file input29.cif (mmCIF, C-alpha atoms and all ligand atoms)
data_run
#
loop_
_atom_site.label_atom_id
_atom_site.label_comp_id
_atom_site.auth_asym_id
_atom_site.auth_seq_id
_atom_site.Cartn_x
_atom_site.Cartn_y
_atom_site.Cartn_z
CA MET A 81 4.06 -53.44 50.39
CA LYS A 82 0.79 -52.88 48.52
CA GLN A 83 0.17 -49.28 49.60
CA PHE A 84 2.04 -46.40 51.17
CA THR A 85 -0.37 -43.83 52.54
CA SER A 86 0.60 -43.39 56.22
CA VAL A 87 3.10 -44.50 58.85
CA ALA A 88 0.82 -47.45 59.61
CA ASP A 89 1.96 -49.07 56.35
CA VAL A 90 5.58 -49.23 57.57
CA ALA A 91 5.20 -49.16 61.36
CA ASN A 92 6.47 -52.75 61.73
CA PHE A 93 9.80 -51.97 60.08
CA LEU A 94 10.25 -48.18 60.42
CA PRO A 95 13.82 -48.15 61.88
CA GLU A 96 14.88 -50.62 59.18
CA LEU A 97 13.29 -48.46 56.45
CA ILE A 98 15.21 -45.39 57.69
CA ARG A 99 18.49 -47.34 57.73
CA GLU A 100 17.74 -48.66 54.25
CA ALA A 101 17.10 -45.13 52.90
CA ILE A 102 20.42 -43.93 54.33
CA GLN A 103 22.19 -46.96 52.81
CA LEU A 104 20.67 -46.25 49.38
CA LYS A 105 22.54 -42.92 49.29
CA LYS A 106 25.80 -44.83 49.21
CA ALA A 107 24.78 -47.08 46.31
CA PRO A 108 21.84 -45.45 44.48
CA PHE A 109 21.86 -47.88 41.56
CA ALA A 110 22.37 -51.11 43.53
CA TYR A 111 18.78 -52.28 42.98
CA GLN A 112 18.28 -51.26 39.35
CA HIS A 113 17.27 -54.80 38.47
CA LEU A 114 14.13 -54.45 40.62
CA GLY A 115 12.56 -51.77 38.42
CA LYS A 116 13.76 -53.00 35.02
CA ASN A 117 10.84 -53.03 32.56
CA LYS A 118 8.52 -51.58 35.23
CA VAL A 119 6.52 -48.36 34.94
CA LEU A 120 5.64 -45.90 37.71
CA GLY A 121 2.64 -43.65 36.97
CA LEU A 122 2.56 -40.33 38.85
CA VAL A 123 -0.79 -38.55 38.87
CA PHE A 124 -0.78 -34.95 40.09
CA MET A 125 -4.09 -33.28 40.81
CA ASN A 126 -2.18 -30.36 42.39
CA PRO A 127 1.17 -28.62 41.77
CA SER A 128 4.48 -30.07 42.94
CA LEU A 129 8.19 -29.48 42.53
CA ARG A 130 9.95 -31.68 45.12
CA THR A 131 7.60 -34.66 45.07
CA ARG A 132 7.47 -34.71 41.28
CA LEU A 133 11.25 -34.57 40.77
CA SER A 134 12.40 -36.66 43.74
CA THR A 135 9.99 -39.47 42.89
CA GLN A 136 11.17 -39.56 39.28
CA ARG A 137 14.78 -39.52 40.42
CA ALA A 138 14.14 -42.38 42.87
CA ALA A 139 12.42 -44.40 40.14
CA PHE A 140 15.38 -43.74 37.80
CA HIS A 141 17.79 -45.12 40.42
CA LEU A 142 15.67 -48.26 40.57
CA GLY A 143 15.62 -48.71 36.79
CA MET A 144 11.93 -47.77 36.40
CA GLN A 145 10.32 -45.70 33.69
CA THR A 146 7.93 -42.96 34.84
CA ILE A 147 4.79 -41.53 33.27
CA VAL A 148 3.68 -38.21 34.74
CA VAL A 149 0.05 -37.12 34.42
CA ASN A 150 -1.02 -33.61 35.41
CA ALA A 151 -4.64 -34.48 36.01
CA ASP A 152 -5.67 -30.85 36.35
CA LYS A 153 -4.53 -30.17 32.74
CA ASP A 154 -3.76 -33.35 30.78
CA THR A 155 -6.74 -35.63 31.33
CA TRP A 156 -10.50 -35.49 31.12
CA LYS A 157 -12.18 -33.89 34.13
CA MET A 158 -13.07 -36.73 36.48
CA ALA A 159 -16.26 -37.34 38.43
CA SER A 160 -16.37 -39.38 41.65
CA GLY A 161 -19.03 -40.97 43.82
CA GLU A 162 -21.32 -43.92 43.19
CA GLY A 163 -24.44 -43.68 41.03
CA ILE A 164 -23.93 -40.11 39.91
CA VAL A 165 -25.48 -38.85 36.67
CA MET A 166 -22.60 -37.46 34.64
CA ASP A 167 -24.34 -34.69 32.77
CA GLY A 168 -21.97 -31.95 34.01
CA GLU A 169 -18.38 -30.98 33.20
CA ALA A 170 -16.74 -34.32 34.07
CA ALA A 171 -16.30 -36.59 31.03
CA GLU A 172 -14.90 -39.61 32.86
CA HIS A 173 -15.49 -41.34 36.19
CA ILE A 174 -12.42 -41.69 38.41
CA LYS A 175 -13.00 -45.43 38.78
CA ASP A 176 -12.68 -45.93 35.03
CA ALA A 177 -9.68 -43.59 34.70
CA VAL A 178 -7.80 -45.19 37.61
CA ALA A 179 -8.54 -48.73 36.45
CA VAL A 180 -7.18 -47.82 32.99
CA MET A 181 -4.02 -46.22 34.42
CA GLY A 182 -3.50 -49.39 36.45
CA GLN A 183 -3.35 -51.31 33.15
CA TYR A 184 -0.42 -49.16 31.96
CA CYS A 185 1.56 -48.93 35.20
CA ASP A 186 3.04 -51.35 37.74
CA ILE A 187 2.78 -48.84 40.60
CA LEU A 188 0.65 -45.67 40.74
CA GLY A 189 1.33 -42.52 42.78
CA VAL A 190 -1.28 -39.85 43.36
CA ARG A 191 -1.30 -36.34 44.81
CA SER A 192 -4.67 -34.94 45.80
CA PHE A 193 -4.96 -32.03 48.24
CA ALA A 194 -7.73 -31.18 50.67
CA GLY A 195 -10.40 -28.86 49.33
CA LEU A 196 -10.69 -27.29 52.83
CA ALA A 197 -14.43 -26.68 52.34
CA ASN A 198 -15.76 -29.86 53.97
CA LYS A 199 -13.86 -31.57 56.80
CA GLU A 200 -15.69 -34.90 56.53
CA GLU A 201 -15.11 -35.11 52.80
CA ASP A 202 -11.42 -34.26 53.08
CA TYR A 203 -10.80 -36.64 55.97
CA ALA A 204 -12.64 -39.45 54.10
CA GLU A 205 -9.79 -39.32 51.52
CA GLN A 206 -12.06 -40.26 48.64
CA THR A 207 -9.55 -39.70 45.83
CA LEU A 208 -6.75 -41.67 47.49
CA ASN A 209 -9.18 -44.45 48.39
CA ASP A 210 -10.53 -44.54 44.83
CA PHE A 211 -6.97 -45.13 43.62
CA ILE A 212 -6.44 -47.91 46.17
CA ARG A 213 -9.77 -49.49 45.26
CA TYR A 214 -9.64 -49.33 41.48
CA ALA A 215 -5.95 -49.27 40.43
CA GLY A 216 -5.31 -53.00 40.72
CA VAL A 217 -1.63 -52.16 41.41
CA PRO A 218 0.18 -50.80 44.51
CA VAL A 219 -0.55 -47.15 45.29
CA ILE A 220 1.79 -44.60 46.82
CA SER A 221 0.54 -41.32 48.26
CA LEU A 222 2.34 -38.28 46.88
CA GLU A 223 0.39 -36.20 49.48
CA SER A 224 -3.26 -36.68 50.20
CA ALA A 225 -5.90 -34.52 51.84
CA THR A 226 -4.73 -35.42 55.35
CA ARG A 227 -1.18 -36.81 55.12
CA HIS A 228 2.15 -36.41 53.33
CA PRO A 229 3.96 -39.65 54.20
CA LEU A 230 6.92 -39.35 51.79
CA GLN A 231 7.69 -35.92 53.27
CA SER A 232 7.47 -37.25 56.83
CA LEU A 233 9.75 -40.18 56.08
CA ALA A 234 12.31 -37.77 54.58
CA ASP A 235 11.95 -35.57 57.70
CA LEU A 236 12.59 -38.53 59.95
CA ILE A 237 15.66 -39.58 57.93
CA THR A 238 16.98 -35.99 58.21
CA ILE A 239 16.47 -35.90 61.99
CA GLU A 240 18.19 -39.28 62.30
CA GLU A 241 21.17 -37.94 60.36
CA TYR A 242 21.50 -34.64 62.24
CA LYS A 243 20.51 -35.54 65.80
CA LYS A 244 23.18 -35.09 68.49
CA THR A 245 21.36 -36.98 71.25
CA PRO A 246 19.48 -40.29 71.09
CA ARG A 247 16.10 -38.61 71.78
CA PRO A 248 16.20 -35.01 70.54
CA LYS A 249 13.53 -32.44 71.35
CA VAL A 250 11.65 -31.70 68.12
CA VAL A 251 9.30 -28.72 67.94
CA LEU A 252 6.64 -28.35 65.25
CA THR A 253 5.68 -24.69 65.15
CA TRP A 254 2.74 -23.09 63.36
CA ALA A 255 3.80 -20.02 61.38
CA PRO A 256 1.77 -17.36 59.58
CA HIS A 257 0.83 -17.58 55.90
CA PRO A 258 -1.41 -15.48 53.64
CA LYS A 259 -3.35 -18.50 52.31
CA ALA A 260 -5.32 -21.31 53.92
CA LEU A 261 -3.19 -24.45 53.75
CA PRO A 262 -4.16 -28.08 54.47
CA GLN A 263 -3.19 -29.93 57.66
CA ALA A 264 -1.57 -32.81 55.72
CA VAL A 265 2.08 -31.98 56.47
CA PRO A 266 1.70 -31.27 60.22
CA ASN A 267 -0.70 -34.22 60.70
CA SER A 268 1.74 -36.53 59.03
CA PHE A 269 4.82 -35.05 60.69
CA ALA A 270 3.24 -35.55 64.13
CA GLU A 271 2.16 -39.13 63.50
CA TRP A 272 5.54 -40.15 62.07
CA MET A 273 7.55 -38.48 64.87
CA LEU A 274 5.38 -40.11 67.53
CA ALA A 275 5.57 -43.50 65.83
CA ALA A 276 9.36 -43.17 65.87
CA GLY A 277 9.37 -42.36 69.62
CA ILE A 278 10.56 -38.76 69.13
CA ASP A 279 10.05 -36.20 71.93
CA LEU A 280 7.58 -33.94 70.06
CA THR A 281 6.25 -30.52 71.12
CA ILE A 282 3.68 -28.72 68.96
CA THR A 283 3.19 -24.99 69.32
CA HIS A 284 0.46 -22.92 67.68
CA PRO A 285 -2.07 -20.19 68.50
CA GLU A 286 -5.28 -21.35 70.15
CA GLY A 287 -7.77 -22.62 67.54
CA TYR A 288 -5.09 -24.36 65.48
CA GLU A 289 -5.25 -27.69 67.34
CA LEU A 290 -4.76 -30.58 64.92
CA ASN A 291 -6.90 -33.70 64.91
CA GLU A 292 -5.91 -35.64 68.05
CA GLN A 293 -5.72 -38.80 65.99
CA PHE A 294 -2.35 -37.50 64.77
CA THR A 295 -1.02 -35.64 67.82
CA ARG A 296 -1.88 -37.91 70.76
CA GLY A 297 1.35 -38.22 72.79
CA ALA A 298 2.80 -34.82 71.77
CA LYS A 299 3.10 -31.85 74.15
CA ILE A 300 0.94 -28.92 73.04
CA VAL A 301 2.36 -25.54 74.13
CA TYR A 302 0.60 -22.30 73.16
CA ASP A 303 3.59 -20.10 74.06
CA GLN A 304 5.98 -20.39 71.11
CA ARG A 305 8.97 -19.00 73.01
CA GLN A 306 8.42 -21.49 75.82
CA ALA A 307 8.19 -24.32 73.29
CA PHE A 308 11.46 -23.30 71.60
CA LYS A 309 13.49 -23.60 74.84
CA ASN A 310 16.08 -26.41 74.57
CA ALA A 311 14.73 -27.56 71.19
CA ASP A 312 17.13 -29.53 68.98
CA PHE A 313 15.01 -29.17 65.83
CA ILE A 314 12.50 -26.49 64.85
CA TYR A 315 10.08 -27.58 62.10
CA ALA A 316 8.00 -24.66 60.83
CA LYS A 317 4.75 -25.07 58.92
CA ASN A 318 1.54 -23.19 58.43
CA TRP A 319 -1.82 -24.92 58.50
CA SER A 320 -5.41 -23.76 58.51
CA SER A 321 -7.70 -24.49 61.44
CA TYR A 322 -8.99 -28.03 61.86
CA THR A 323 -11.69 -27.02 64.38
CA HIS A 324 -12.94 -24.05 62.34
CA TYR A 325 -12.28 -26.10 59.28
CA GLY A 326 -10.09 -24.54 56.61
CA GLN A 327 -10.21 -21.06 58.13
CA ILE A 328 -7.34 -18.66 58.75
CA LEU A 329 -7.75 -17.55 62.38
CA SER A 330 -4.49 -15.62 62.63
CA ARG A 331 -1.93 -13.93 60.41
CA ASP A 332 0.07 -12.83 63.46
CA ARG A 333 3.64 -12.18 62.32
CA HIS A 334 4.77 -12.63 65.91
CA TRP A 335 4.74 -16.36 65.04
CA THR A 336 7.35 -15.97 62.28
CA VAL A 337 10.51 -17.96 63.07
CA THR A 338 13.25 -15.42 63.81
CA THR A 339 16.92 -15.45 64.80
CA GLU A 340 15.94 -14.11 68.19
CA LYS A 341 13.61 -17.10 68.80
CA MET A 342 16.14 -19.60 67.45
CA ALA A 343 18.55 -18.26 70.12
CA LEU A 344 16.23 -19.77 72.77
CA THR A 345 16.89 -23.27 71.42
CA ASN A 346 19.70 -25.74 71.93
CA GLN A 347 21.32 -24.49 68.70
CA ALA A 348 18.44 -26.16 66.91
CA TYR A 349 18.41 -27.07 63.27
CA PHE A 350 15.72 -25.34 61.22
CA MET A 351 13.48 -27.50 59.00
CA HIS A 352 10.63 -26.80 56.57
CA CYS A 353 9.16 -29.05 53.88
CA LEU A 354 9.23 -26.23 51.26
CA PRO A 355 7.93 -24.31 49.40
CA VAL A 356 8.24 -21.60 52.06
CA ARG A 357 7.19 -17.94 52.20
CA ARG A 358 10.36 -16.17 53.27
CA ASN A 359 10.01 -13.41 55.86
CA VAL A 360 6.46 -14.57 56.58
CA VAL A 361 7.00 -18.13 57.83
CA VAL A 362 10.71 -17.69 58.55
CA GLU A 363 13.22 -14.86 58.39
CA ASP A 364 15.90 -15.00 55.68
CA ALA A 365 18.51 -14.91 58.43
CA VAL A 366 17.24 -18.23 59.80
CA ILE A 367 16.63 -20.16 56.57
CA ASP A 368 19.96 -18.95 55.15
CA SER A 369 21.87 -19.73 58.36
CA GLN A 370 24.26 -22.62 59.07
CA GLN A 371 21.53 -24.19 61.23
CA SER A 372 19.10 -24.45 58.32
CA ILE A 373 18.88 -27.97 56.88
CA VAL A 374 16.01 -27.41 54.47
CA ILE A 375 18.09 -28.37 51.40
CA PRO A 376 19.44 -31.70 52.77
CA GLN A 377 15.89 -32.30 54.02
CA ALA A 378 14.54 -31.82 50.47
CA ALA A 379 17.37 -34.00 49.10
CA ASN A 380 16.25 -36.79 51.41
CA ARG A 381 12.95 -36.91 49.55
CA VAL A 382 14.77 -39.02 46.93
CA TRP A 383 15.99 -41.63 49.43
CA ALA A 384 12.71 -41.78 51.31
CA CYS A 385 10.86 -42.46 48.07
CA GLN A 386 13.48 -44.90 46.83
CA ALA A 387 13.26 -46.96 50.03
CA VAL A 388 9.47 -47.13 49.67
CA LEU A 389 9.52 -47.95 45.94
CA LYS A 390 12.15 -50.64 46.56
CA ARG A 391 9.86 -52.34 49.08
CA MET A 392 6.95 -52.14 46.67
CA LEU A 393 8.95 -53.56 43.78
CA GLU A 394 10.14 -56.42 45.99
CA SER A 395 6.54 -57.36 46.70
CA LEU A 396 5.21 -57.17 43.13
N1 LIG B 401 7.37 -30.58 50.10
C1 LIG B 401 6.71 -30.89 48.97
O1 LIG B 401 5.93 -31.86 48.92
O2 LIG B 401 6.98 -30.09 47.92
P1 LIG B 401 6.17 -30.07 46.54
O3 LIG B 401 4.76 -29.63 46.87
O4 LIG B 401 6.90 -29.10 45.68
O5 LIG B 401 6.16 -31.46 45.97
#
call {"tool": "encode", "arguments": {"input": "input29.cif", "output": "structure tokens"}}
result
Amino acid sequence: MKQFTSVADVANFLPELIREAIQLKKAPFAYQHLGKNKVLGLVFMNPSLRTRLSTQRAAFHLGMQTIVVNADKDTWKMASGEGIVMDGEAAEHIKDAVAVMGQYCDILGVRSFAGLANKEEDYAEQTLNDFIRYAGVPVISLESATRHPLQSLADLITIEEYKKTPRPKVVLTWAPHPKALPQAVPNSFAEWMLAAGIDLTITHPEGYELNEQFTRGAKIVYDQRQAFKNADFIYAKNWSSYTHYGQILSRDRHWTVTTEKMALTNQAYFMHCLPVRRNVVVEDAVIDSQQSIVIPQAANRVWACQAVLKRMLESL
């Protein structure tokens, strides 16, 4: 596997990848030989806790060394775009920086969030594509402007482990948040669930429709209570508007996930990718309940990443 940026990169072997990730839990160090004397470079243009630690842990299991670069602090400010005159703040062009990092690393990971100012720019995924174009080594997305594939794979593994019926009802619900957040997690969650054949319902206030490219095949229900009925999994996430790009159209706390709404479900498990704003996105009573699986979900980030890195190492 030369790149991991969306479900399309693993669509041909998705069920096998999930089984492999679950198997890796039982023997984390079984493939240490694959990563021996190999280096994984992790470039963060934005903050991270889970992705940063789980990726390093996965690499450790596979015998790899990791180099972590906080590009917002550690490196020269980078310019991008062809033919630009670099007489501003940026001291280095991204194509030079990425090509150099590719000389030091066998695989490169990059996190680069959406700016939320310009839809076309964000959805063109320039930073991720610059890495793919110039690295000269396989590239793994640690969350890009429009997708978070390692998170979605971990989510799918978690649903596979906890589901009580072969085709559970999974509900992705918008929830309020004080800040404008990207659409990467819900976009990605929708496309991975649909690729896996999951029965997916998405509920959000009007104006928060995601790009249809990701949600085609899902049921869209504007009444959150209606959507929650008979759900087996509730996945909460805030996102800013795609149509009115990057804007917050609602802070309506009536969309917070509460115990009373969870009672409408089929004793659903509660999921969130974290970090989460407690008592804004979800009540303490829900996230701290027996039905909350946010911690095993976060733990699965290790096995999702390890399964992907293993495939990449096998194809080096
Ligand atoms: N869920 C997730 O990607 O968390 P971090 O932003 O902390 O990596």
call {"tool": "residues_around", "arguments": {"input": "input29.cif", "residues": "segment 286-291 of chain A", "least_positions_apart": "3", "cutoff": "9 Å", "atoms": "only C-alpha atoms", "output": "list in words"}}
result
Trp254, Gln263, Pro266, Asn267, Phe294, Thr295, Arg296, Ile300, Tyr302, Trp319, Ser320, Ser321, Tyr322, Thr323, His324 and Leu329 of chain A
call {"tool": "residues_around", "arguments": {"input": "input29.cif", "residues": "segment 197-204 of chain A", "least_positions_apart": "2", "cutoff": "8 Å", "atoms": "only C-alpha atoms", "output": "PyMOL selection string"}}
result
chain A and resi 194-195+206+225-226+322+325-326
call {"tool": "residues_near_ligand", "arguments": {"input": "input29.cif", "ligand": "ligand LIG 401 (chain B)", "cutoff": "8 Å", "atoms": "all atoms listed in the file", "output": "ChimeraX atom specification"}}
result
/A:127-133,222-223,228,231,353-355,378
call {"tool": "atom_distance", "arguments": {"input": "input29.cif", "atom1": "atom CA of Glu292 of chain A", "atom2": "atom CA of Trp383 of chain A"}}
result
29.4 Å
call {"tool": "closest_atom_pairs", "arguments": {"input": "input29.cif", "of": "segment 233-338 of chain A", "to": "segment 90-110 of chain A", "cutoff": "9 Å", "atoms": "all atoms listed in the file", "output": "Markdown table"}}
result
| residue | atom | partner | partner_atom | distance |
| --- | --- | --- | --- | --- |
| A:Leu233 | CA | A:Ile98 | CA | 7.7 |
| A:Ala234 | CA | A:Ile98 | CA | 8.7 |
| A:Leu236 | CA | A:Ile98 | CA | 7.7 |
| A:Ile237 | CA | A:Ile98 | CA | 5.8 |
| A:Glu240 | CA | A:Ile98 | CA | 8.2 |
| A:Glu241 | CA | A:Ile102 | CA | 8.5 |
| A:Ala275 | CA | A:Ala91 | CA | 7.2 |
| A:Ala276 | CA | A:Leu94 | CA | 7.5 |
call {"tool": "atom_distance", "arguments": {"input": "input29.cif", "atom1": "atom CA of Gly121 of chain A", "atom2": "atom CA of Leu188 of chain A"}}
result
4.7 Å
call {"tool": "closest_residue", "arguments": {"input": "input29.cif", "among": "A:Val374, A:Ala343, A:Val361, A:Val337", "to": "Lys259 of chain A", "atoms": "all atoms listed in the file"}}
result
A:Val361
call {"tool": "closest_residue", "arguments": {"input": "input29.cif", "among": "A:Thr85, A:Gln145, A:Thr155, A:Asn359", "to": "Glu205 of chain A", "atoms": "only C-alpha atoms"}}
result
A:Thr85
call {"tool": "atom_distance", "arguments": {"input": "input29.cif", "atom1": "atom CA of Val178 of chain A", "atom2": "atom CA of Arg391 of chain A"}}
result
22.2 Å
call {"tool": "closest_residue", "arguments": {"input": "input29.cif", "among": "A:Leu120, A:Met125, A:Ala138, A:Ile164", "to": "Leu230 of chain A", "atoms": "all atoms listed in the file"}}
result
A:Ala138
call {"tool": "build_atoms", "arguments": {"input": "input29.cif", "residues": "segment 292-302 of chain A", "atoms": "all heavy atoms", "output": "short mmCIF file (atom, residue, chain, number, x, y, z; two decimals), in the frame of the given file"}}
result
data_model
loop_
_atom_site.label_atom_id
_atom_site.label_comp_id
_atom_site.auth_asym_id
_atom_site.auth_seq_id
_atom_site.Cartn_x
_atom_site.Cartn_y
_atom_site.Cartn_z
N GLU A 292 -6.64 -34.88 67.02
CA GLU A 292 -5.91 -35.64 68.05
C GLU A 292 -5.45 -37.02 67.57
O GLU A 292 -4.52 -37.60 68.13
CB GLU A 292 -6.81 -35.85 69.28
CG GLU A 292 -6.63 -34.79 70.32
CD GLU A 292 -7.34 -35.17 71.61
OE1 GLU A 292 -7.39 -36.36 71.94
OE2 GLU A 292 -7.86 -34.25 72.25
N GLN A 293 -6.12 -37.51 66.57
CA GLN A 293 -5.72 -38.80 65.99
C GLN A 293 -4.23 -38.79 65.61
O GLN A 293 -3.56 -39.81 65.66
CB GLN A 293 -6.59 -39.04 64.75
CG GLN A 293 -6.22 -40.22 63.90
CD GLN A 293 -6.86 -40.16 62.50
OE1 GLN A 293 -7.76 -39.37 62.24
NE2 GLN A 293 -6.38 -41.00 61.61
N PHE A 294 -3.74 -37.61 65.22
CA PHE A 294 -2.35 -37.50 64.77
C PHE A 294 -1.41 -37.05 65.87
O PHE A 294 -0.21 -37.32 65.81
CB PHE A 294 -2.26 -36.50 63.60
CG PHE A 294 -3.11 -36.88 62.43
CD1 PHE A 294 -4.37 -36.33 62.24
CD2 PHE A 294 -2.65 -37.83 61.51
CE1 PHE A 294 -5.16 -36.70 61.17
CE2 PHE A 294 -3.44 -38.20 60.43
CZ PHE A 294 -4.70 -37.64 60.26
N THR A 295 -1.92 -36.33 66.87
CA THR A 295 -1.02 -35.64 67.82
C THR A 295 -1.00 -36.26 69.21
O THR A 295 -0.26 -35.78 70.07
CB THR A 295 -1.45 -34.16 67.97
OG1 THR A 295 -2.79 -34.12 68.49
CG2 THR A 295 -1.39 -33.42 66.65
N ARG A 296 -1.82 -37.30 69.43
CA ARG A 296 -1.88 -37.91 70.76
C ARG A 296 -0.49 -38.38 71.19
O ARG A 296 0.15 -39.14 70.46
CB ARG A 296 -2.86 -39.09 70.77
CG ARG A 296 -3.41 -39.40 72.13
CD ARG A 296 -4.60 -40.35 72.05
NE ARG A 296 -5.79 -39.73 71.46
CZ ARG A 296 -6.37 -40.14 70.34
NH1 ARG A 296 -5.91 -41.19 69.69
NH2 ARG A 296 -7.43 -39.52 69.87
N GLY A 297 0.00 -37.86 72.33
CA GLY A 297 1.35 -38.22 72.79
C GLY A 297 2.32 -37.04 72.67
O GLY A 297 3.40 -37.07 73.26
N ALA A 298 1.94 -36.01 71.90
CA ALA A 298 2.80 -34.82 71.77
C ALA A 298 2.44 -33.81 72.86
O ALA A 298 1.31 -33.80 73.34
CB ALA A 298 2.60 -34.18 70.40
N LYS A 299 3.40 -32.96 73.23
CA LYS A 299 3.10 -31.85 74.15
C LYS A 299 2.57 -30.69 73.31
O LYS A 299 3.17 -30.35 72.29
CB LYS A 299 4.36 -31.38 74.87
CG LYS A 299 4.93 -32.40 75.84
CD LYS A 299 6.18 -31.81 76.52
CE LYS A 299 7.08 -32.93 76.99
NZ LYS A 299 7.90 -33.53 75.93
N ILE A 300 1.47 -30.09 73.75
CA ILE A 300 0.94 -28.92 73.04
C ILE A 300 1.23 -27.70 73.92
O ILE A 300 0.83 -27.66 75.10
CB ILE A 300 -0.59 -29.03 72.81
CG1 ILE A 300 -0.97 -30.40 72.22
CG2 ILE A 300 -1.09 -27.86 71.95
CD1 ILE A 300 -0.44 -30.71 70.85
N VAL A 301 1.96 -26.73 73.36
CA VAL A 301 2.36 -25.54 74.13
C VAL A 301 1.93 -24.32 73.31
O VAL A 301 2.33 -24.17 72.16
CB VAL A 301 3.90 -25.54 74.34
CG1 VAL A 301 4.35 -24.28 75.06
CG2 VAL A 301 4.34 -26.78 75.10
N TYR A 302 1.12 -23.45 73.92
CA TYR A 302 0.60 -22.30 73.16
C TYR A 302 1.59 -21.12 73.13
O TYR A 302 1.42 -20.21 72.33
CB TYR A 302 -0.74 -21.86 73.74
CG TYR A 302 -1.82 -22.91 73.55
CD1 TYR A 302 -2.29 -23.67 74.61
CD2 TYR A 302 -2.35 -23.14 72.28
CE1 TYR A 302 -3.27 -24.65 74.41
CE2 TYR A 302 -3.32 -24.11 72.07
CZ TYR A 302 -3.77 -24.86 73.15
OH TYR A 302 -4.72 -25.82 72.95
#
